[in-house]
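One structure is given here, and the rest of the page talks about it.
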Amino acid sequence: MIKRLLGCVREYKLPSILTLIFIIFEVIIEVFIPFITADLVNSIKAGAEMRELLLTGALLVCMALVSLTCGGVAGFTCAKASAGFAKNLRGDLFRKIQTYSFENVDNFSTASLVTRLTTDVGNVQMSYMMIIRTAIRSPLMFIFSIIMAYVMGGALATTFVVVVPVLITGLLLVARKAMPAFRRVFKKYDRLNESIEENVRGMRVVKGFSREDYERKRFGEASEDIAGDFTRAERIVACNTPLMQVCLYFNMVFVLTFGSYLIISGTGSNIDVGQLSAMLTYGMQILISLMMLSMIYVILTISAESIKRICEVLGEEPTITSPEGGKTEVKDGSIDFNSVSFKYSAKAKKNALSGIDLHIPTGATVGIIGGTGSSKTTLVQLIPRLYDVTEGTVKVGGTDVREYDLRTLRDSVSMVLQKNLLFSGTIKENLRWGNPNATDEEMIEACRLAQAHDFVSSFPEGYDTFIEQGGTNVSGGQKQRLCIARALLKKPKILILDDSTSAVDTRTDALIREGFKKFIPETTKIIIAQRIASVQDADIIIVLDKGEISAVGKHSELLTSSEIYREVYEQQTGGSDNE
């Protein structure tokens with residue numbers, strides 16, 4: 001995991017290395033200041049001349065300024081390196097998620113991925129900053145201070161070393177108790193974010209049912225639960241500080257008491273006042289170093305779970321990849337399903353689709369009808385390889401979809417999903433998702449075909465009208481028509497409409513289908529619908545039932561041969577052909 005994360009440092013290696021170099025210089029200077037100060041104290045006691053005192057004082061001032069400069073530069077380079085590392089890590093995570101297939105995305109909730117891109121990356125950034133600066137400075141200061149303490153006080157400094165095993169044992173016990181609590185917290189963060197996302201997206205439903213109080217209560221309980229777990233974890237981690245202070249202050253009292261005794265009893269022959277003052281300073285440096293190490297340990301304990309969660313995302317291998325040397329041209333829009341079966345997971349006991357055999361000629365209009373859960377959407381998602389078949393083959397243009405370059409295949413298939421999504425930006429910017437180089441004339445033509453031009457033109461700013469996040473400032477029918485226009489701009493060989501005219505009236509629906517016949521006759525059109533009227537003019541109508549093909553034929557044929565189709569038709573029209 002550490003190796004994978006260090007790969008995100010990249011162009012910020014130099015600031016990271018410079019931070020280490022300046023930190024080393026800062027520490028070396030700081031540990032020598034008490035040594036020189038001790039000489040100064042002893043010189044004053046021995047009656048040194050003023051010139052000698054001024055020179056030593058000037059040296060101390062210069063050393064302090066150099067140490068301060070080194071610390072300041074290290075702080076600057078550290079900030080640059082840690083922020084850059086976080087930027088790269090967040091970018092790598094985002095790019096990795098973009099390679100995921102639907103199956104990979106199903107392994108993580110949306111809220112969990114958002115938490116990993118934000119909270120978890122923030123925790124790791126803080127850890128990296130502490131590691132390249134404080135985690136280097138504190139151990140160096142600790143080691144150098146103990147060495148200098150031995151130089152100045154001899155065996156008296158041994159007491160500083162004795163407490164280290166005690167502190168390490170305490171830290172390990174704290175980690176063992178705290179880590180499970182932090183794991184629980186991050187899982188609850190995912191659920192909390194998921195609840196927030198669901199609440200915001202469903203705000204109209206919440207207000208429509210006057211459930212604001214219920215949602216506030218639910219959110220408050222989730223927040224209290226997280227706060228409780230964090231409090232318990234932090235309470236455990238907080239034991240570090242008192243444990244460390246007890247050990248270190250005990251040592252300082254011991255040094256001060258025993259050192260004073262040696263000075264008085266030995267009249268300065270073994271240890272003098274200067275050495276004792278230096279010992280106390282080194283004791284404080286050791287104390288501060290251990291305090292910082294304790295803080296680093298706490299942050300790393302918190303970040304350990306974040307690192308694991310980030311590496312789960314980076315280590316997830318896409319289940320669908322583009323083959324080497326994949327075909328870069330789709331001959332036509334013909335589609336063949338040959339003995340296709342599919343299930344969403346290898347662990348699933350039941351297939352979502354079973355025994356699918358179909359041949360759809362290029363340019364045909366195909367309607368798909370079926371009840372909820374009949375796997376209509378699953379069937380069409382196999383065409384652009386959003387999922388791969390479990391058994392059998394799906395061919396487009398006479399070639400197995402797994403042999404195509406993924407970009408080529410998906411550029412040849414436009415899919416308007418069941419859940420229409422518009423991004424924040426102008427209508428033009430949303431339409432150009434279908435074709436970044438589309439001209440204004442091409443956009444207008446696509447919108448005319450999707451019956452969207454009239455309502456877009458009615459807006460004061462026309463095609464420059466800003467769409468709010470999620471398309472909240474346009475109606476459901478308008479959103480669907482814009483999504484259809486966006487799909488048409490790709491000029492695909494296959495156009496799939498997954499129940500994407502459900503929010504438009506029947507007249508507009510008919511006009512859209514009529515436009516398809518006239519203007520894109522060579523494009524294969526697959527229409528999933530709940531309304532018989534949306535598919536009854538199709539060349540082929542497929543009736544799905546529980547993941548299997550129940551019947552295939554034209555409208556007139558299915559009325560006599562398919563009981564399911566006839567029942568749906570009679571429910572919607574009262575059995576009248578005229579209707």
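Quick note on naming: the chains in the structure tokens go A, B, ... in the order shown, residues restart at 1 in each chain, and ligands are numbered from 1 in order of appearance.
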At a cut-off of 8 Å, using only C-alpha atoms, what residues contact Leu276 (chain A)? Leave out same-chain residues fewer than 6 positions from it and give the result as an MDAnalysis selection string. chainID A and resid 152:153 256 259:260
Pick out each residue of region 101-342 of chain A that DSSP on the backbone tags as helix (DSSP H, G or I); I need them as an mmCIF file with C-alpha atoms, in the first residue's frame.
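out_3.cif, freshly written:
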```
data_model
loop_
_atom_site.group_PDB
_atom_site.id
_atom_site.type_symbol
_atom_site.label_atom_id
_atom_site.label_comp_id
_atom_site.auth_asym_id
_atom_site.auth_seq_id
_atom_site.Cartn_x
_atom_site.Cartn_y
_atom_site.Cartn_z
ATOM 1 C CA PHE A 102 -20.633 -1.175 -13.910
ATOM 2 C CA GLU A 103 -19.656 -4.348 -12.069
ATOM 3 C CA ASN A 104 -16.738 -2.570 -10.387
ATOM 4 C CA VAL A 105 -18.901 0.400 -9.420
ATOM 5 C CA ASP A 106 -21.398 -2.027 -7.883
ATOM 6 C CA THR A 110 -21.398 6.193 -4.592
ATOM 7 C CA ALA A 111 -21.213 7.734 -1.121
ATOM 8 C CA SER A 112 -18.265 5.503 -0.226
ATOM 9 C CA LEU A 113 -16.326 6.604 -3.321
ATOM 10 C CA VAL A 114 -17.027 10.264 -2.494
ATOM 11 C CA THR A 115 -15.773 9.754 1.080
ATOM 12 C CA ARG A 116 -12.591 8.128 -0.204
ATOM 13 C CA LEU A 117 -11.960 10.999 -2.633
ATOM 14 C CA THR A 118 -12.469 13.644 0.065
ATOM 15 C CA THR A 119 -12.175 12.654 3.738
ATOM 16 C CA ASP A 120 -9.777 9.750 3.209
ATOM 17 C CA VAL A 121 -7.490 11.712 0.857
ATOM 18 C CA GLY A 122 -7.480 14.580 3.384
ATOM 19 C CA ASN A 123 -6.378 12.193 6.141
ATOM 20 C CA VAL A 124 -3.602 10.745 3.980
ATOM 21 C CA GLN A 125 -2.459 14.239 2.968
ATOM 22 C CA MET A 126 -2.157 15.178 6.640
ATOM 23 C CA SER A 127 -0.186 11.995 7.308
ATOM 24 C CA TYR A 128 2.190 12.637 4.421
ATOM 25 C CA MET A 129 2.804 16.180 5.630
ATOM 26 C CA MET A 130 3.550 14.907 9.128
ATOM 27 C CA ILE A 131 5.811 12.131 7.808
ATOM 28 C CA ILE A 132 8.081 14.263 5.603
ATOM 29 C CA ARG A 133 8.429 16.965 8.213
ATOM 30 C CA THR A 134 7.546 16.107 11.801
ATOM 31 C CA ALA A 135 8.129 12.360 11.526
ATOM 32 C CA ILE A 136 11.685 13.090 10.377
ATOM 33 C CA ARG A 137 12.330 16.000 12.704
ATOM 34 C CA SER A 138 11.114 14.359 15.901
ATOM 35 C CA PRO A 139 13.132 11.100 15.714
ATOM 36 C CA LEU A 140 16.268 13.036 14.709
ATOM 37 C CA MET A 141 15.744 15.481 17.530
ATOM 38 C CA PHE A 142 15.113 12.590 19.913
ATOM 39 C CA ILE A 143 18.273 10.688 18.895
ATOM 40 C CA PHE A 144 20.567 13.733 18.692
ATOM 41 C CA SER A 145 19.291 15.072 22.029
ATOM 42 C CA ILE A 146 19.993 11.759 23.769
ATOM 43 C CA ILE A 147 23.502 11.667 22.227
ATOM 44 C CA MET A 148 24.210 15.237 23.352
ATOM 45 C CA ALA A 149 22.724 14.464 26.762
ATOM 46 C CA TYR A 150 25.280 11.618 27.122
ATOM 47 C CA VAL A 151 28.043 13.953 25.978
ATOM 48 C CA MET A 152 27.054 16.562 28.555
ATOM 49 C CA GLY A 153 25.868 14.408 31.467
ATOM 50 C CA GLY A 154 27.342 10.940 30.982
ATOM 51 C CA ALA A 155 25.490 8.104 32.724
ATOM 52 C CA LEU A 156 22.945 10.588 34.077
ATOM 53 C CA ALA A 157 21.327 10.602 30.571
ATOM 54 C CA THR A 158 20.572 6.868 30.769
ATOM 55 C CA THR A 159 17.316 7.681 32.486
ATOM 56 C CA PHE A 160 15.997 9.175 29.191
ATOM 57 C CA VAL A 161 16.503 5.853 27.391
ATOM 58 C CA VAL A 162 14.765 3.792 30.078
ATOM 59 C CA VAL A 163 11.325 5.301 29.375
ATOM 60 C CA VAL A 164 11.337 4.450 25.640
ATOM 61 C CA PRO A 165 10.222 0.780 26.000
ATOM 62 C CA VAL A 166 7.469 1.904 28.385
ATOM 63 C CA LEU A 167 6.178 4.455 25.889
ATOM 64 C CA ILE A 168 6.375 2.068 22.903
ATOM 65 C CA THR A 169 4.433 -0.579 24.832
ATOM 66 C CA GLY A 170 1.791 2.003 25.743
ATOM 67 C CA LEU A 171 1.468 3.207 22.137
ATOM 68 C CA LEU A 172 1.032 -0.337 20.812
ATOM 69 C CA LEU A 173 -1.696 -1.057 23.351
ATOM 70 C CA VAL A 174 -3.469 2.167 22.412
ATOM 71 C CA ALA A 175 -3.322 1.292 18.687
ATOM 72 C CA ARG A 176 -4.705 -2.166 19.313
ATOM 73 C CA LYS A 177 -7.720 -0.685 21.103
ATOM 74 C CA ALA A 178 -8.272 2.361 18.853
ATOM 75 C CA MET A 179 -8.027 0.863 15.336
ATOM 76 C CA PRO A 180 -11.311 -1.119 15.446
ATOM 77 C CA ALA A 181 -13.143 2.028 16.557
ATOM 78 C CA PHE A 182 -11.741 4.050 13.638
ATOM 79 C CA ARG A 183 -12.740 1.288 11.187
ATOM 80 C CA ARG A 184 -16.316 1.487 12.445
ATOM 81 C CA VAL A 185 -16.298 5.275 12.101
ATOM 82 C CA PHE A 186 -15.305 5.253 8.411
ATOM 83 C CA LYS A 187 -17.966 2.689 7.527
ATOM 84 C CA LYS A 188 -20.528 4.863 9.272
ATOM 85 C CA TYR A 189 -19.218 7.902 7.369
ATOM 86 C CA ASP A 190 -20.056 6.065 4.145
ATOM 87 C CA ARG A 191 -23.587 5.372 5.330
ATOM 88 C CA LEU A 192 -24.030 8.961 6.528
ATOM 89 C CA ASN A 193 -22.891 10.391 3.186
ATOM 90 C CA GLU A 194 -25.173 7.969 1.385
ATOM 91 C CA SER A 195 -28.078 9.182 3.509
ATOM 92 C CA ILE A 196 -27.225 12.834 2.760
ATOM 93 C CA GLU A 197 -26.953 12.169 -0.968
ATOM 94 C CA GLU A 198 -30.253 10.301 -0.988
ATOM 95 C CA ASN A 199 -31.960 13.052 0.996
ATOM 96 C CA VAL A 200 -30.729 15.883 -1.238
ATOM 97 C CA ARG A 201 -31.645 14.050 -4.450
ATOM 98 C CA MET A 203 -35.748 16.616 -1.579
ATOM 99 C CA ARG A 204 -38.976 17.002 -3.557
ATOM 100 C CA VAL A 205 -40.277 13.688 -2.210
ATOM 101 C CA VAL A 206 -39.257 14.594 1.356
ATOM 102 C CA LYS A 207 -41.099 17.896 1.170
ATOM 103 C CA GLY A 208 -44.017 16.370 -0.695
ATOM 104 C CA GLU A 212 -38.373 16.869 7.085
ATOM 105 C CA ASP A 213 -38.607 16.142 10.823
ATOM 106 C CA TYR A 214 -38.109 12.427 10.240
ATOM 107 C CA GLU A 215 -35.066 13.056 8.018
ATOM 108 C CA ARG A 216 -33.575 15.482 10.561
ATOM 109 C CA LYS A 217 -34.043 12.904 13.299
ATOM 110 C CA ARG A 218 -32.487 10.152 11.156
ATOM 111 C CA PHE A 219 -29.496 12.364 10.299
ATOM 112 C CA GLY A 220 -29.090 13.430 13.930
ATOM 113 C CA GLU A 221 -29.038 9.814 15.123
ATOM 114 C CA ALA A 222 -26.412 8.900 12.511
ATOM 115 C CA SER A 223 -24.281 11.907 13.503
ATOM 116 C CA GLU A 224 -24.574 11.047 17.191
ATOM 117 C CA ASP A 225 -23.530 7.471 16.434
ATOM 118 C CA ILE A 226 -20.391 8.661 14.611
ATOM 119 C CA ALA A 227 -19.621 11.195 17.341
ATOM 120 C CA GLY A 228 -19.919 8.457 19.963
ATOM 121 C CA ASP A 229 -17.505 6.146 18.137
ATOM 122 C CA PHE A 230 -15.046 8.979 17.502
ATOM 123 C CA THR A 231 -15.227 10.013 21.169
ATOM 124 C CA ARG A 232 -14.449 6.473 22.304
ATOM 125 C CA ALA A 233 -11.563 6.190 19.851
ATOM 126 C CA GLU A 234 -10.111 9.593 20.733
ATOM 127 C CA ARG A 235 -10.476 8.823 24.428
ATOM 128 C CA ILE A 236 -8.289 5.748 23.944
ATOM 129 C CA VAL A 237 -5.749 7.657 21.848
ATOM 130 C CA ASN A 240 -0.725 8.673 24.936
ATOM 131 C CA THR A 241 -0.131 12.166 26.290
ATOM 132 C CA PRO A 242 -0.469 11.554 30.057
ATOM 133 C CA LEU A 243 1.593 8.352 29.784
ATOM 134 C CA MET A 244 4.372 10.197 27.974
ATOM 135 C CA GLN A 245 4.316 13.233 30.263
ATOM 136 C CA VAL A 246 4.465 11.107 33.413
ATOM 137 C CA CYS A 247 7.552 9.287 32.099
ATOM 138 C CA LEU A 248 9.360 12.376 30.853
ATOM 139 C CA TYR A 249 8.610 14.704 33.750
ATOM 140 C CA PHE A 250 9.661 11.983 36.160
ATOM 141 C CA ASN A 251 12.987 11.851 34.304
ATOM 142 C CA MET A 252 13.376 15.608 34.424
ATOM 143 C CA VAL A 253 12.731 15.693 38.162
ATOM 144 C CA PHE A 254 15.242 12.884 38.581
ATOM 145 C CA VAL A 255 17.871 14.701 36.460
ATOM 146 C CA LEU A 256 17.337 17.985 38.264
ATOM 147 C CA THR A 257 17.475 16.398 41.724
ATOM 148 C CA PHE A 258 20.361 14.002 41.137
ATOM 149 C CA GLY A 259 22.277 16.497 38.962
ATOM 150 C CA SER A 260 22.031 19.187 41.658
ATOM 151 C CA TYR A 261 23.281 16.695 44.197
ATOM 152 C CA LEU A 262 26.306 15.854 41.991
ATOM 153 C CA ILE A 263 27.132 19.562 41.524
ATOM 154 C CA ILE A 264 26.936 20.291 45.231
ATOM 155 C CA SER A 265 28.718 17.149 46.402
ATOM 156 C CA GLY A 266 31.357 17.174 43.683
ATOM 157 C CA VAL A 273 25.832 24.156 36.177
ATOM 158 C CA GLY A 274 26.200 24.584 32.392
ATOM 159 C CA GLN A 275 25.978 20.857 31.779
ATOM 160 C CA LEU A 276 22.915 20.567 34.054
ATOM 161 C CA SER A 277 21.116 23.401 32.219
ATOM 162 C CA ALA A 278 21.933 21.706 28.895
ATOM 163 C CA MET A 279 20.632 18.399 30.270
ATOM 164 C CA LEU A 280 17.345 20.085 31.192
ATOM 165 C CA THR A 281 17.110 21.650 27.707
ATOM 166 C CA TYR A 282 17.833 18.322 26.056
ATOM 167 C CA GLY A 283 15.222 16.772 28.332
ATOM 168 C CA MET A 284 12.670 19.291 27.070
ATOM 169 C CA GLN A 285 13.687 18.587 23.465
ATOM 170 C CA ILE A 286 13.233 14.867 24.085
ATOM 171 C CA LEU A 287 9.851 15.584 25.677
ATOM 172 C CA ILE A 288 8.697 17.710 22.721
ATOM 173 C CA SER A 289 10.009 15.132 20.247
ATOM 174 C CA LEU A 290 8.075 12.351 21.933
ATOM 175 C CA MET A 291 4.974 14.534 22.133
ATOM 176 C CA MET A 292 5.186 15.135 18.378
ATOM 177 C CA LEU A 293 5.801 11.451 17.724
ATOM 178 C CA SER A 294 2.748 10.702 19.808
ATOM 179 C CA MET A 295 0.677 13.123 17.697
ATOM 180 C CA ILE A 296 2.046 11.574 14.486
ATOM 181 C CA TYR A 297 1.147 8.160 15.822
ATOM 182 C CA VAL A 298 -2.446 9.283 16.447
ATOM 183 C CA ILE A 299 -2.777 10.720 12.930
ATOM 184 C CA LEU A 300 -1.232 7.628 11.346
ATOM 185 C CA THR A 301 -3.594 5.439 13.379
ATOM 186 C CA ILE A 302 -6.545 7.387 11.970
ATOM 187 C CA SER A 303 -5.059 7.411 8.466
ATOM 188 C CA ALA A 304 -4.264 3.689 8.373
ATOM 189 C CA GLU A 305 -7.898 2.857 7.615
ATOM 190 C CA SER A 306 -8.054 5.698 5.047
ATOM 191 C CA ILE A 307 -4.949 4.320 3.311
ATOM 192 C CA LYS A 308 -6.516 0.873 3.186
ATOM 193 C CA ARG A 309 -9.768 2.226 1.720
ATOM 194 C CA ILE A 310 -7.923 4.296 -0.907
ATOM 195 C CA CYS A 311 -5.808 1.319 -1.926
ATOM 196 C CA GLU A 312 -8.966 -0.767 -2.294
ATOM 197 C CA VAL A 313 -10.103 1.650 -5.001
ATOM 198 C CA LEU A 314 -6.662 1.847 -6.655
ATOM 199 C CA GLY A 315 -6.257 -1.929 -6.487
#
```
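When only C-alpha atoms are used to compute distances to Arg507 (chain A), the closest of the residues A:Gln451, A:Gln530, A:Ser341, A:Ser550 turns out to be A:Gln451.
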Going by DSSP on the backbone, which bits of region 197-346 of chain A are strand (DSSP E)? Write them as a count of residues only, please. 8
Using only C-alpha atoms, which residues sit within 7 Å of region 342-351 of chain A once same-chain residues fewer than 2 positions away are excluded, as a short mmCIF file (atom, residue, chain, number, x, y, z; two decimals) with N, CA and C atoms, in the first residue's frame?
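Okay, this is what ended up in part_2.cif:
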```cif
data_model
loop_
_atom_site.label_atom_id
_atom_site.label_comp_id
_atom_site.auth_asym_id
_atom_site.auth_seq_id
_atom_site.Cartn_x
_atom_site.Cartn_y
_atom_site.Cartn_z
N VAL A 340 -27.05 -16.30 -25.18
CA VAL A 340 -26.52 -15.42 -24.13
C VAL A 340 -27.21 -15.67 -22.80
N LEU A 353 -30.36 -13.03 -17.15
CA LEU A 353 -30.79 -13.36 -18.50
C LEU A 353 -30.42 -14.80 -18.80
N SER A 354 -31.29 -15.49 -19.52
CA SER A 354 -31.00 -16.89 -19.84
C SER A 354 -31.43 -17.21 -21.27
N VAL A 389 -21.09 -10.68 -21.04
CA VAL A 389 -21.95 -11.85 -20.91
C VAL A 389 -21.27 -12.91 -20.04
N THR A 390 -22.08 -13.72 -19.37
CA THR A 390 -21.56 -14.85 -18.60
C THR A 390 -21.37 -16.04 -19.52
N GLU A 391 -22.31 -16.23 -20.43
CA GLU A 391 -22.22 -17.31 -21.43
C GLU A 391 -22.69 -16.76 -22.77
#
```
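For the choices A:Leu18, A:Val474, A:Leu482, A:Leu406, the atom-to-atom distance to Met443 (chain A) is smallest for A:Leu482 when using only C-alpha atoms.
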I want to know what sits within 9 Å of Ile24 (chain A), based on only C-alpha atoms, with residues of the same chain fewer than 3 positions away left out; could you give that as a list in words?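 The residues satisfying every condition are Thr19, Leu20, Ile21, Val27, Ile28, Ile29, Cys70, Ile136, Arg137 and Leu140 of chain A.
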Rounded to one decimal, what separation in Å do you get between CA of Gly7 (chain A) and CA of Ala79 (chain A)?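 So the two atoms, CA of Gly7 (chain A) and CA of Ala79 (chain A), lie 18.2 Å apart.
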For CA of Gln418 (chain A) and CA of Cys483 (chain A), quote the distance in Å rounded to one decimal. 10.6 Å
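Once Gly325 (chain A) and its same-chain neighbours fewer than 3 positions away are set aside, Ser322, Thr328, Glu403, Tyr404 and Asp405 of chain A remain within 9 Å of it when counting only C-alpha atoms.
You can rank A:Leu60, A:Leu488, A:Ala529, A:Leu421 by their closest distance to Gln469 (chain A) using only C-alpha atoms, and at the top of that list sits A:Leu421.
Of the listed residues A:Val543, A:Ser412, A:Leu559, A:Gly363, the one whose atoms come nearest to Lys518 (chain A) is A:Gly363, with distances taken using only C-alpha atoms.
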Please provide as a ChimeraX atom specification all residues within 9 Å of Leu497 (chain A), with the sequence filter that same-chain residues fewer than 4 positions apart are discarded (counting only C-alpha atoms). /A:414-418,484,501,525-529
Would you please work out which residue, of A:Ser562, A:Ser502, A:Thr399, A:Thr465, is nearest to Ala533 (chain A) when using only C-alpha atoms?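 Closest to Ala533 (chain A), using only C-alpha atoms: A:Ser502.
The list of residues with at least one atom within 9 Å of Lys554 (chain A), based on only C-alpha atoms and without residues fewer than 2 positions apart in the same chain, reads Gln536, Asp537, Ala538, Asp539, Ile540, Ile541, Ile542, Val552, Ser556, Glu557, Leu558 and Leu559 of chain A.
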Output the selection as an mmCIF file, in the first residue's frame - N, CA and C atoms for each residue.
```
data_model
loop_
_atom_site.group_PDB
_atom_site.id
_atom_site.type_symbol
_atom_site.label_atom_id
_atom_site.label_comp_id
_atom_site.auth_asym_id
_atom_site.auth_seq_id
_atom_site.Cartn_x
_atom_site.Cartn_y
_atom_site.Cartn_z
ATOM 1 N N GLN A 536 -45.421 -0.168 -30.921
ATOM 2 C CA GLN A 536 -46.275 -0.974 -31.783
ATOM 3 C C GLN A 536 -45.952 -0.838 -33.272
ATOM 4 N N ASP A 537 -45.265 0.236 -33.671
ATOM 5 C CA ASP A 537 -44.866 0.398 -35.076
ATOM 6 C C ASP A 537 -43.475 -0.159 -35.349
ATOM 7 N N ALA A 538 -42.855 -0.776 -34.362
ATOM 8 C CA ALA A 538 -41.486 -1.283 -34.524
ATOM 9 C C ALA A 538 -41.447 -2.465 -35.488
ATOM 10 N N ASP A 539 -40.280 -2.647 -36.122
ATOM 11 C CA ASP A 539 -40.100 -3.788 -37.035
ATOM 12 C C ASP A 539 -40.106 -5.106 -36.266
ATOM 13 N N ILE A 540 -39.527 -5.065 -35.074
ATOM 14 C CA ILE A 540 -39.464 -6.255 -34.217
ATOM 15 C C ILE A 540 -39.841 -5.829 -32.802
ATOM 16 N N ILE A 541 -40.703 -6.582 -32.156
ATOM 17 C CA ILE A 541 -41.035 -6.336 -30.744
ATOM 18 C C ILE A 541 -40.638 -7.579 -29.959
ATOM 19 N N ILE A 542 -39.861 -7.361 -28.909
ATOM 20 C CA ILE A 542 -39.390 -8.464 -28.061
ATOM 21 C C ILE A 542 -40.128 -8.386 -26.729
ATOM 22 N N VAL A 552 -41.367 -12.963 -29.825
ATOM 23 C CA VAL A 552 -40.765 -11.993 -30.743
ATOM 24 C C VAL A 552 -41.677 -11.891 -31.964
ATOM 25 N N SER A 556 -49.132 -6.928 -34.682
ATOM 26 C CA SER A 556 -50.304 -7.742 -35.025
ATOM 27 C C SER A 556 -50.082 -9.214 -34.689
ATOM 28 N N GLU A 557 -48.848 -9.666 -34.849
ATOM 29 C CA GLU A 557 -48.544 -11.075 -34.560
ATOM 30 C C GLU A 557 -48.618 -11.363 -33.060
ATOM 31 N N LEU A 558 -48.070 -10.425 -32.272
ATOM 32 C CA LEU A 558 -48.010 -10.646 -30.824
ATOM 33 C C LEU A 558 -49.385 -10.574 -30.174
ATOM 34 N N LEU A 559 -50.293 -9.821 -30.781
ATOM 35 C CA LEU A 559 -51.638 -9.751 -30.219
ATOM 36 C C LEU A 559 -52.313 -11.118 -30.202
#
```
Taking into account only C-alpha atoms, which residue in the set A:Arg211, A:Lys491, A:Lys479, A:Lys80 is nearest to Lys419 (chain A)?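 Among the listed residues, the smallest separation from Lys419 (chain A) belongs to A:Lys479.
The two atoms in question, CA of Val535 (chain A) and CA of Leu449 (chain A), are spaced 17.7 Å apart.
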